[in-house]
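Structure file entry-v5.csv; described as CSV, C-alpha atoms.
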```
chain,number,residue,atom,x,y,z
U,6,MET,CA,15.1,-28.5,3.6
U,7,LYS,CA,12.1,-27.4,1.5
U,8,VAL,CA,12.1,-23.7,0.8
U,9,VAL,CA,9.0,-22.1,-0.7
U,10,LEU,CA,9.4,-19.0,-2.9
U,11,ARG,CA,6.5,-16.8,-4.1
U,12,ASN,CA,5.7,-14.8,-7.2
U,13,PRO,CA,5.8,-17.2,-8.9
U,14,ARG,CA,5.3,-20.0,-6.3
U,15,ARG,CA,8.0,-22.6,-6.4
U,16,GLU,CA,9.9,-25.0,-4.1
U,17,LEU,CA,13.7,-25.4,-3.7
U,18,ASP,CA,15.7,-28.0,-1.8
U,19,VAL,CA,18.4,-26.3,0.3
U,20,PRO,CA,20.9,-28.2,2.5
U,21,ALA,CA,20.2,-27.7,6.3
U,22,PRO,CA,21.2,-26.5,8.8
U,23,ILE,CA,21.7,-23.0,7.4
U,24,SER,CA,21.3,-19.6,8.9
U,25,VAL,CA,18.6,-17.2,7.6
U,26,THR,CA,21.3,-14.7,6.5
U,27,ALA,CA,23.2,-17.5,4.6
U,28,LEU,CA,20.0,-18.7,3.0
U,29,LEU,CA,19.2,-15.2,1.7
U,30,GLN,CA,22.7,-14.8,0.4
U,31,ARG,CA,22.4,-18.1,-1.3
U,32,LEU,CA,19.2,-17.1,-2.9
U,33,GLU,CA,20.7,-13.6,-3.8
U,34,LEU,CA,17.8,-11.9,-2.0
U,35,ASN,CA,17.9,-8.5,-0.3
U,36,ARG,CA,16.8,-9.0,3.3
U,37,GLU,CA,14.9,-5.7,3.0
U,38,SER,CA,12.6,-7.2,0.4
U,39,VAL,CA,11.6,-10.5,2.1
U,40,LEU,CA,10.4,-12.2,5.3
U,41,VAL,CA,11.4,-15.7,6.3
U,42,ILE,CA,8.5,-17.6,7.8
U,43,GLU,CA,8.5,-21.0,9.5
U,44,GLY,CA,5.1,-22.3,10.6
U,45,ASP,CA,3.1,-19.2,11.5
U,46,THR,CA,5.8,-17.0,12.8
U,47,LEU,CA,8.8,-15.1,11.6
U,48,VAL,CA,12.4,-16.2,11.7
U,49,PRO,CA,15.1,-13.6,12.6
U,50,GLY,CA,18.3,-13.1,10.6
U,51,ASP,CA,20.6,-14.8,13.0
U,52,ALA,CA,18.4,-18.0,13.5
U,53,VAL,CA,19.6,-21.3,12.1
U,54,LEU,CA,17.1,-23.3,10.2
U,55,SER,CA,17.3,-26.9,11.1
U,56,GLY,CA,15.4,-28.3,8.1
U,57,ASP,CA,12.6,-29.9,10.3
U,58,SER,CA,9.8,-27.9,8.7
U,59,VAL,CA,9.1,-26.0,5.4
U,60,VAL,CA,10.4,-22.5,5.3
U,61,GLU,CA,8.7,-19.8,3.2
U,62,VAL,CA,10.6,-16.8,1.8
U,63,ARG,CA,7.9,-14.3,1.2
U,64,PRO,CA,8.4,-11.1,-0.9
U,65,VAL,CA,7.2,-7.9,0.7
U,66,VAL,CA,7.6,-5.5,-2.1
U,67,SER,CA,4.4,-4.6,-3.9
U,68,GLY,CA,4.0,-2.1,-6.7
U,69,GLY,CA,1.3,-0.4,-8.7
U,70,CYS,CA,-0.4,2.9,-8.7
U,71,THR,CA,-0.1,5.7,-6.1
M,17,MET,CA,18.6,-11.6,18.8
M,18,LYS,CA,16.8,-10.1,21.8
M,19,CYS,CA,13.8,-7.9,21.9
M,20,ARG,CA,14.7,-4.3,22.6
M,21,VAL,CA,11.8,-3.9,25.0
M,22,CYS,CA,11.6,-7.1,27.1
M,23,ARG,CA,15.0,-8.9,26.2
M,24,GLY,CA,13.0,-12.0,25.2
M,25,PRO,CA,13.7,-13.8,22.0
M,26,ALA,CA,13.2,-11.5,19.0
M,27,VAL,CA,11.4,-12.6,15.8
M,28,ILE,CA,12.3,-9.6,13.6
M,29,ASP,CA,15.0,-6.9,13.2
M,30,VAL,CA,14.1,-3.4,12.2
M,31,ARG,CA,17.5,-2.2,11.0
M,32,ARG,CA,16.6,1.5,10.5
M,33,GLN,CA,15.9,1.6,14.3
M,34,ASN,CA,18.9,-0.6,15.1
M,35,ALA,CA,16.4,-2.7,17.1
M,36,ASN,CA,14.9,-6.2,17.3
M,37,TYR,CA,11.5,-7.1,18.6
M,38,CYS,CA,9.5,-10.1,19.9
M,39,ALA,CA,6.0,-10.4,18.3
M,40,PRO,CA,3.9,-8.5,20.9
M,41,HIS,CA,6.4,-5.6,21.1
M,42,PHE,CA,6.7,-5.4,17.3
M,43,LEU,CA,2.9,-5.1,17.0
M,44,ARG,CA,3.0,-2.5,19.7
M,45,MET,CA,5.8,-0.6,17.9
M,46,CYS,CA,3.7,-0.6,14.7
M,47,ARG,CA,0.7,0.8,16.5
M,48,ASP,CA,2.8,3.4,18.2
M,49,GLN,CA,4.3,4.6,14.9
M,50,VAL,CA,0.9,4.9,13.3
M,51,ALA,CA,-0.4,6.9,16.4
M,52,LYS,CA,2.7,9.1,16.1
M,53,ALA,CA,2.1,9.8,12.4
M,54,ILE,CA,-1.6,10.6,13.1
M,55,ASP,CA,-0.7,13.0,15.8
M,56,GLU,CA,2.3,14.6,14.1
M,57,PHE,CA,0.4,15.3,10.9
M,58,GLU,CA,-3.0,15.9,12.5
M,59,MET,CA,-4.5,13.2,10.3
M,60,ILE,CA,-7.6,12.1,12.2
M,61,GLU,CA,-9.6,13.6,15.1
M,62,ARG,CA,-11.4,11.4,17.6
M,63,GLY,CA,-15.0,11.0,16.5
M,64,GLU,CA,-14.3,11.4,12.8
M,65,ARG,CA,-15.6,8.7,10.4
M,66,VAL,CA,-12.7,7.1,8.5
M,67,LEU,CA,-13.1,5.1,5.2
M,68,VAL,CA,-10.1,2.8,4.7
M,69,ALA,CA,-9.3,2.1,1.0
M,70,VAL,CA,-8.6,-1.7,1.1
M,71,SER,CA,-7.4,-4.0,-1.6
M,72,GLY,CA,-6.8,-7.3,0.2
M,73,GLY,CA,-3.1,-6.6,0.3
M,74,LYS,CA,-0.9,-6.4,3.4
M,75,ASP,CA,-0.7,-2.6,3.7
M,76,SER,CA,-4.4,-1.7,3.5
M,77,LEU,CA,-5.5,-4.5,5.8
M,78,ALA,CA,-2.8,-3.7,8.3
M,79,CYS,CA,-3.8,0.0,8.1
M,80,TRP,CA,-7.5,-0.9,8.8
M,81,HIS,CA,-6.5,-3.3,11.6
M,82,ILE,CA,-4.3,-0.7,13.3
M,83,LEU,CA,-6.8,2.1,13.1
M,84,ARG,CA,-9.4,-0.1,14.7
M,85,GLU,CA,-6.9,-1.2,17.4
M,86,LEU,CA,-6.2,2.5,18.1
M,87,GLY,CA,-10.0,3.0,18.6
M,88,TYR,CA,-10.9,4.9,15.4
M,89,GLU,CA,-14.3,4.5,13.7
M,90,ALA,CA,-12.9,2.9,10.5
M,91,ASP,CA,-14.8,1.1,7.8
M,92,GLY,CA,-13.4,-0.4,4.7
M,93,PHE,CA,-14.0,0.1,1.0
M,94,VAL,CA,-12.9,-2.2,-1.8
M,95,ILE,CA,-13.2,-1.9,-5.5
M,96,GLY,CA,-13.6,-4.8,-7.9
M,97,LEU,CA,-11.2,-3.6,-10.6
M,98,GLY,CA,-11.9,-6.5,-13.1
M,99,ILE,CA,-8.3,-7.6,-13.3
M,100,GLY,CA,-9.3,-11.3,-13.9
M,101,GLU,CA,-9.0,-13.8,-11.1
M,102,TYR,CA,-6.5,-11.5,-9.3
M,103,SER,CA,-9.3,-9.0,-8.5
M,104,ASP,CA,-11.6,-11.7,-7.3
M,105,ARG,CA,-9.0,-13.2,-5.0
M,106,SER,CA,-7.8,-9.9,-3.6
M,107,THR,CA,-11.3,-8.7,-2.8
M,108,SER,CA,-12.1,-12.0,-1.2
M,109,TYR,CA,-9.3,-11.4,1.3
M,110,ALA,CA,-10.8,-8.0,2.1
M,111,ARG,CA,-14.3,-9.6,2.6
M,112,ALA,CA,-12.9,-12.3,4.8
M,113,PHE,CA,-11.0,-9.8,6.9
M,114,ALA,CA,-14.2,-7.8,7.5
M,115,ALA,CA,-16.4,-10.8,8.1
M,116,GLU,CA,-14.1,-12.4,10.6
M,117,ARG,CA,-14.0,-9.2,12.6
M,118,GLY,CA,-17.5,-8.0,12.1
M,119,LEU,CA,-16.4,-4.9,10.3
M,120,THR,CA,-18.3,-2.8,7.7
M,121,LEU,CA,-16.9,-3.2,4.2
M,122,HIS,CA,-18.4,-1.2,1.3
M,123,THR,CA,-17.9,-2.7,-2.1
M,124,TYR,CA,-17.9,-1.2,-5.6
M,125,ASP,CA,-17.7,-3.1,-8.9
M,126,LEU,CA,-16.1,-1.0,-11.6
M,127,ARG,CA,-17.6,-2.9,-14.5
M,128,ALA,CA,-21.1,-3.1,-13.0
M,129,GLU,CA,-21.2,0.5,-12.0
M,130,ASP,CA,-19.2,2.3,-14.7
M,131,GLY,CA,-19.2,-0.2,-17.6
M,132,PHE,CA,-15.5,-0.9,-17.9
M,133,ASP,CA,-12.5,-2.5,-16.1
M,134,ILE,CA,-8.8,-1.7,-15.7
M,135,PRO,CA,-7.5,-4.0,-18.5
M,136,SER,CA,-10.0,-2.5,-21.0
M,137,ALA,CA,-9.3,1.0,-19.8
M,138,ALA,CA,-5.6,0.5,-20.3
M,139,ALA,CA,-6.1,-1.0,-23.7
M,140,THR,CA,-8.4,1.6,-25.1
M,141,THR,CA,-6.7,4.6,-23.7
M,142,HIS,CA,-3.1,3.3,-24.2
M,143,ARG,CA,-2.5,4.3,-20.6
M,144,VAL,CA,-0.2,2.3,-18.3
M,145,PRO,CA,-2.5,0.0,-16.4
M,146,CYS,CA,-1.4,1.4,-13.0
M,147,SER,CA,-2.2,4.9,-14.2
M,148,ALA,CA,-5.8,4.0,-15.2
M,149,CYS,CA,-6.1,2.0,-12.0
M,150,GLY,CA,-4.8,4.8,-9.7
M,151,LEU,CA,-6.9,7.4,-11.4
M,152,SER,CA,-10.1,5.3,-11.0
M,153,LYS,CA,-9.3,4.4,-7.4
M,154,ARG,CA,-8.6,8.0,-6.3
M,155,HIS,CA,-11.8,9.2,-7.9
M,156,LEU,CA,-13.9,6.4,-6.4
M,157,PHE,CA,-12.5,6.8,-2.9
M,158,ASP,CA,-13.5,10.5,-3.0
M,159,LYS,CA,-16.9,9.8,-4.5
M,160,VAL,CA,-17.9,7.0,-2.1
M,161,ALA,CA,-16.5,8.8,1.0
M,162,ARG,CA,-18.5,11.9,0.1
M,163,GLU,CA,-21.7,10.0,-0.7
M,164,LEU,CA,-21.5,8.0,2.5
M,165,GLY,CA,-20.6,10.9,4.8
M,166,TYR,CA,-17.0,9.9,5.8
M,167,ASP,CA,-14.7,12.7,7.0
M,168,VAL,CA,-11.4,11.0,6.1
M,169,VAL,CA,-10.1,8.6,3.5
M,170,ALA,CA,-7.1,6.5,4.8
M,171,THR,CA,-4.9,4.6,2.4
M,172,GLY,CA,-2.2,2.0,3.0
M,173,HIS,CA,0.7,3.9,1.5
M,174,ASN,CA,3.8,3.1,3.5
M,175,LEU,CA,7.3,4.6,3.8
M,176,ASP,CA,8.6,2.5,0.9
M,177,ASP,CA,5.7,3.7,-1.4
M,178,GLU,CA,6.3,7.3,-0.5
M,179,ALA,CA,10.1,7.1,-0.8
M,180,ALA,CA,9.7,5.4,-4.2
M,181,VAL,CA,7.3,8.1,-5.5
M,182,LEU,CA,9.5,10.8,-4.1
M,183,PHE,CA,12.5,9.3,-5.9
M,184,GLY,CA,10.6,9.3,-9.2
M,185,ASN,CA,9.4,12.8,-8.7
M,186,VAL,CA,12.9,14.1,-7.9
M,187,LEU,CA,14.5,12.2,-10.8
M,188,ARG,CA,12.2,14.2,-13.2
M,189,TRP,CA,11.7,17.3,-10.9
M,190,GLN,CA,8.0,17.0,-11.2
M,191,THR,CA,7.4,20.1,-9.0
M,192,ASP,CA,3.6,19.9,-9.2
M,193,TYR,CA,3.7,16.3,-7.8
M,194,LEU,CA,6.3,17.2,-5.2
M,195,GLY,CA,4.0,19.9,-3.9
M,196,ARG,CA,1.2,17.4,-3.3
M,197,GLN,CA,3.3,14.6,-1.9
M,198,LEU,CA,2.2,15.0,1.7
M,199,PRO,CA,1.0,12.5,4.4
M,200,VAL,CA,-2.2,14.6,4.6
M,201,LEU,CA,-4.2,16.2,1.8
M,202,PRO,CA,-6.8,18.6,3.3
M,203,ALA,CA,-10.5,18.4,2.6
M,204,ARG,CA,-11.4,20.6,-0.3
M,205,ASN,CA,-14.6,21.4,-2.2
M,206,GLY,CA,-16.7,18.9,-0.3
M,207,PHE,CA,-14.2,16.1,-0.7
M,208,PRO,CA,-12.8,14.4,2.3
M,209,ARG,CA,-9.3,14.7,3.8
M,210,LYS,CA,-6.9,12.0,2.6
M,211,VAL,CA,-4.4,10.5,5.0
M,212,LYS,CA,-1.5,8.0,4.9
M,213,PRO,CA,-1.2,6.6,8.5
M,214,LEU,CA,1.6,4.1,7.6
M,215,VAL,CA,4.2,6.6,6.4
M,216,ARG,CA,6.5,5.8,9.4
M,217,LEU,CA,6.5,2.1,8.6
M,218,GLY,CA,8.1,0.2,5.8
M,219,GLU,CA,6.4,-2.5,3.7
M,220,ARG,CA,8.5,-5.2,5.3
M,221,ASP,CA,7.1,-4.0,8.6
M,222,MET,CA,3.5,-4.3,7.2
M,223,ALA,CA,4.0,-7.8,5.9
M,224,ALA,CA,5.5,-8.8,9.3
M,225,TYR,CA,2.6,-7.1,11.1
M,226,CYS,CA,0.1,-9.2,9.1
M,227,VAL,CA,1.9,-12.4,9.7
M,228,LEU,CA,2.2,-11.7,13.5
M,229,ALA,CA,-1.3,-10.4,13.9
M,230,GLY,CA,-2.8,-13.3,12.0
M,231,ILE,CA,-4.0,-11.3,9.0
M,232,ASP,CA,-4.4,-13.3,5.8
M,233,TYR,CA,-3.6,-11.2,2.8
M,234,ILE,CA,-3.0,-11.7,-0.9
M,235,VAL,CA,0.7,-12.2,-1.4
M,236,GLU,CA,0.6,-12.5,-5.2
M,237,GLU,CA,1.5,-9.3,-7.1
M,238,CYS,CA,-1.0,-7.7,-9.4
M,239,PRO,CA,-0.3,-9.1,-12.9
M,240,MET,CA,-0.7,-5.7,-14.4
M,241,ALA,CA,2.0,-4.2,-12.1
M,242,ALA,CA,4.9,-6.2,-13.7
M,243,GLY,CA,7.5,-3.8,-14.9
M,244,ASN,CA,6.0,-0.9,-13.1
M,245,LYS,CA,8.6,1.8,-12.6
M,246,HIS,CA,7.9,2.2,-8.9
M,247,LEU,CA,8.9,-1.5,-8.4
M,248,GLY,CA,12.3,-0.5,-10.0
M,249,TYR,CA,12.6,2.5,-7.7
M,250,LYS,CA,11.9,0.3,-4.7
M,251,GLU,CA,14.6,-2.2,-5.7
M,252,VAL,CA,17.1,0.6,-6.0
M,253,LEU,CA,16.1,2.1,-2.7
M,254,ASN,CA,16.3,-1.3,-0.9
M,255,GLN,CA,19.8,-1.8,-2.2
M,256,ILE,CA,20.7,1.6,-0.7
M,257,GLU,CA,18.8,0.7,2.5
M,258,GLU,CA,20.7,-2.6,2.9
M,259,GLN,CA,24.0,-0.7,2.8
M,260,SER,CA,22.8,2.2,4.9
M,261,PRO,CA,19.8,1.4,7.1
M,262,GLY,CA,17.5,4.4,7.7
M,263,SER,CA,18.1,5.9,4.2
M,264,LYS,CA,14.5,5.7,3.1
M,265,LEU,CA,13.2,7.3,6.3
M,266,ASP,CA,15.8,10.1,6.1
M,267,PHE,CA,15.0,10.6,2.4
M,268,TYR,CA,11.3,11.0,2.9
M,269,PHE,CA,11.1,12.7,6.2
M,270,GLY,CA,14.0,15.0,5.2
M,271,PHE,CA,12.0,16.0,2.2
M,272,LEU,CA,8.9,16.8,4.4
M,273,LYS,CA,11.0,18.8,6.8
M,274,ARG,CA,13.4,20.6,4.6
M,275,ALA,CA,12.0,20.8,1.0
M,276,SER,CA,8.3,20.1,0.8
M,277,ALA,CA,7.2,23.6,1.6
M,278,LYS,CA,9.2,25.0,-1.4
M,279,PHE,CA,6.8,23.2,-3.7
M,280,THR,CA,3.4,23.5,-1.9
M,281,ALA,CA,2.7,27.1,-3.1
M,282,HIS,CA,2.8,25.9,-6.7
M,283,ALA,CA,0.5,23.0,-6.0
M,284,GLU,CA,-1.9,25.2,-4.0
M,285,ALA,CA,-2.2,27.6,-6.9
M,286,GLU,CA,-3.1,24.7,-9.1
M,287,GLN,CA,-5.7,23.5,-6.6
M,288,ASP,CA,-7.3,27.0,-6.5
M,289,ALA,CA,-7.7,27.0,-10.3
M,290,LEU,CA,-9.8,23.8,-10.2
M,291,VAL,CA,-13.5,23.8,-11.1
M,292,PRO,CA,-16.2,21.1,-10.5
M,293,CYS,CA,-16.5,18.5,-13.3
M,294,THR,CA,-19.8,19.2,-15.1
M,295,ARG,CA,-20.8,15.5,-14.9
M,296,CYS,CA,-19.7,14.4,-11.4
M,297,GLY,CA,-18.6,17.5,-9.5
M,298,ALA,CA,-15.0,16.2,-8.9
M,299,PRO,CA,-12.4,19.0,-9.0
M,300,THR,CA,-10.8,19.3,-12.5
M,301,THR,CA,-9.0,21.8,-14.7
M,302,GLY,CA,-11.5,21.4,-17.6
M,303,GLU,CA,-15.1,20.6,-18.3
M,304,LEU,CA,-14.9,16.9,-17.5
M,305,CYS,CA,-12.6,15.3,-14.9
M,306,ALA,CA,-10.1,12.7,-15.9
M,307,PHE,CA,-12.2,9.8,-14.6
M,308,CYS,CA,-15.3,10.9,-16.5
M,309,LYS,CA,-13.2,11.2,-19.7
M,310,LEU,CA,-11.8,7.7,-19.0
M,311,VAL,CA,-15.3,6.4,-18.6
M,312,GLU,CA,-16.5,8.1,-21.8
M,313,ARG,CA,-13.5,7.0,-23.9
M,314,THR,CA,-13.5,3.4,-22.6
M,315,ARG,CA,-17.2,2.9,-23.1
M,316,ARG,CA,-16.9,4.0,-26.7
M,317,HIS,CA,-14.5,1.2,-27.3
M,318,GLU,CA,-16.0,-1.6,-25.2
M,319,PRO,CA,-16.2,-4.9,-26.9
M,320,ALA,CA,-19.7,-6.2,-27.8
M,321,VAL,CA,-19.6,-9.0,-25.2
M,322,SER,CA,-19.7,-6.5,-22.3
M,323,GLN,CA,-22.8,-4.8,-23.8
M,324,ALA,CA,-24.5,-8.1,-24.2
M,325,SER,CA,-23.9,-9.0,-20.5
M,326,SER,CA,-25.3,-5.9,-19.1
```

Could you rewrite the structure in this file as structure tokens?
Amino acid sequence: MKVVLRNPRRELDVPAPISVTALLQRLELNRESVLVIEGDTLVPGDAVLSGDSVVEVRPVVSGGCT
Amino acid sequence: MKCRVCRGPAVIDVRRQNANYCAPHFLRMCRDQVAKAIDEFEMIERGERVLVAVSGGKDSLACWHILRELGYEADGFVIGLGIGEYSDRSTSYARAFAAERGLTLHTYDLRAEDGFDIPSAAATTHRVPCSACGLSKRHLFDKVARELGYDVVATGHNLDDEAAVLFGNVLRWQTDYLGRQLPVLPARNGFPRKVKPLVRLGERDMAAYCVLAGIDYIVEECPMAAGNKHLGYKEVLNQIEEQSPGSKLDFYFGFLKRASAKFTAHAEAEQDALVPCTRCGAPTTGELCAFCKLVERTRRHEPAVSQASS
């Protein structure tokens, strides 16, 4: 399964099927700091990704001034 | 996972609420939380003109979208900060958002109007880029809102932003900043009220809102924010939140409820001592405000190329 990561943009191949929770553990990502997107919608934590489409793991944390 | 409201399939979990939502009910929850914040902190009255400070990022575009959905008269304002291609790309998202929805977007180019940009300001003044950027934005939000007759400036600061700033201010006991860290700063000396309608929502919520509402935003991080201390604070707070959902909300709203008032008297005394900047009229402690000093100092050190292009 193709997984797209951002900042910087890169692609990884991950064996499917895999649950969203397991994918984030594998990538060592905090679920508070990312969204998992398949197509144009979100994928919840308990969903199993079949590998039929590209999955984006999008960071949600932005910094800068206040 | 099932939606807390309709029991249909959920697309997102909101752990601090111990709840899951389908797309329509998640969008409604976000709007409800903004409406609740506006009401709770008396941010905006019906009929007031709101200027939303937008960057092209998720928070400011979601803020603008929600305020319009809630029926407020909200226009946008974007500043070209001159941070290379990043600024061009981020402002293009703001322009596209406005154009697709037929909304009014005011624009301001820092280099064209004031003769400098954020990278040059940071280099000449030896300020952290985010410091020069924040100073410039706060000044220009005030200036443009006042010139164009807006009653309120709304920014996209969310719960994560406020919790991270509070964390930093508490770490160093910056009592003057703690006294001003409020969801609403009242209008003063002819300058508009400033409000933060997203304080009840996290930045994961705002990114999810944009995806589900079909709002295209710049995902890339500002290249000048790398290593910013607030990013580090957010990382720490997210580790705590993962172990103990709701911690960020309790931290920030606990501060507002139990501690904030202890610091406001000090901050108000400081505000009362402010005088108008002799050049632009902005409130300041000295003759020139920090922005006018920044303009003066940066222009003195501008490279010849910028002079030639003007």

Next item on the list: Give as a PyMOL selection string every residue of chain M that touches chain U within 8 Å, counting only C-alpha atoms.
Entry: chain M and resi 17+26-29+146-147+149-150+173+177+181+219-220+223-224+227-228+235-238+241+244+246-247+250+254-255+257-258

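Interatomic distance, atom CA of Glu61 of chain U against atom CA of Val9 of chain U: 4.5 Å.
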
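Pairwise distance (atom CA of Lys278 of chain M, atom CA of Gly218 of chain M) equals 25.8 Å.
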
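Nearest-residue note for Ser58 of chain U: choosing from U:Leu10, U:Leu34, U:Ala21, U:Arg15, the minimum distance belongs to U:Ala21, counting all atoms listed in the file.
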
Note to self: Just want the 10 Å neighbourhood of segment 34-37 of chain M, counted on all atoms listed in the file, with same-chain residues fewer than 5 positions away dropped. Output as a PyMOL selection string.
What the structure shows: (chain U and resi 49) or (chain M and resi 17-29+42-45+261-262)

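All residues of protein, DNA or RNA that reach within 12 Å of Leu32 of chain U, judged by all atoms listed in the file and not counting those fewer than 6 positions away in the chain, are Val8, Val9, Leu10, Leu17, Asp18, Val19, Val25, Thr26, Val39 and Val62 of chain U.
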
Note to self: Show me, as a ChimeraX atom specification, the residues that have an atom within 12 Å of Leu175 of chain M when counting only C-alpha atoms, minus same-chain residues fewer than 2 positions from it.
What the structure shows: /U:66 /M:32,49-50,53,75,172-173,177-183,198-199,212-222,250,253-254,262-269
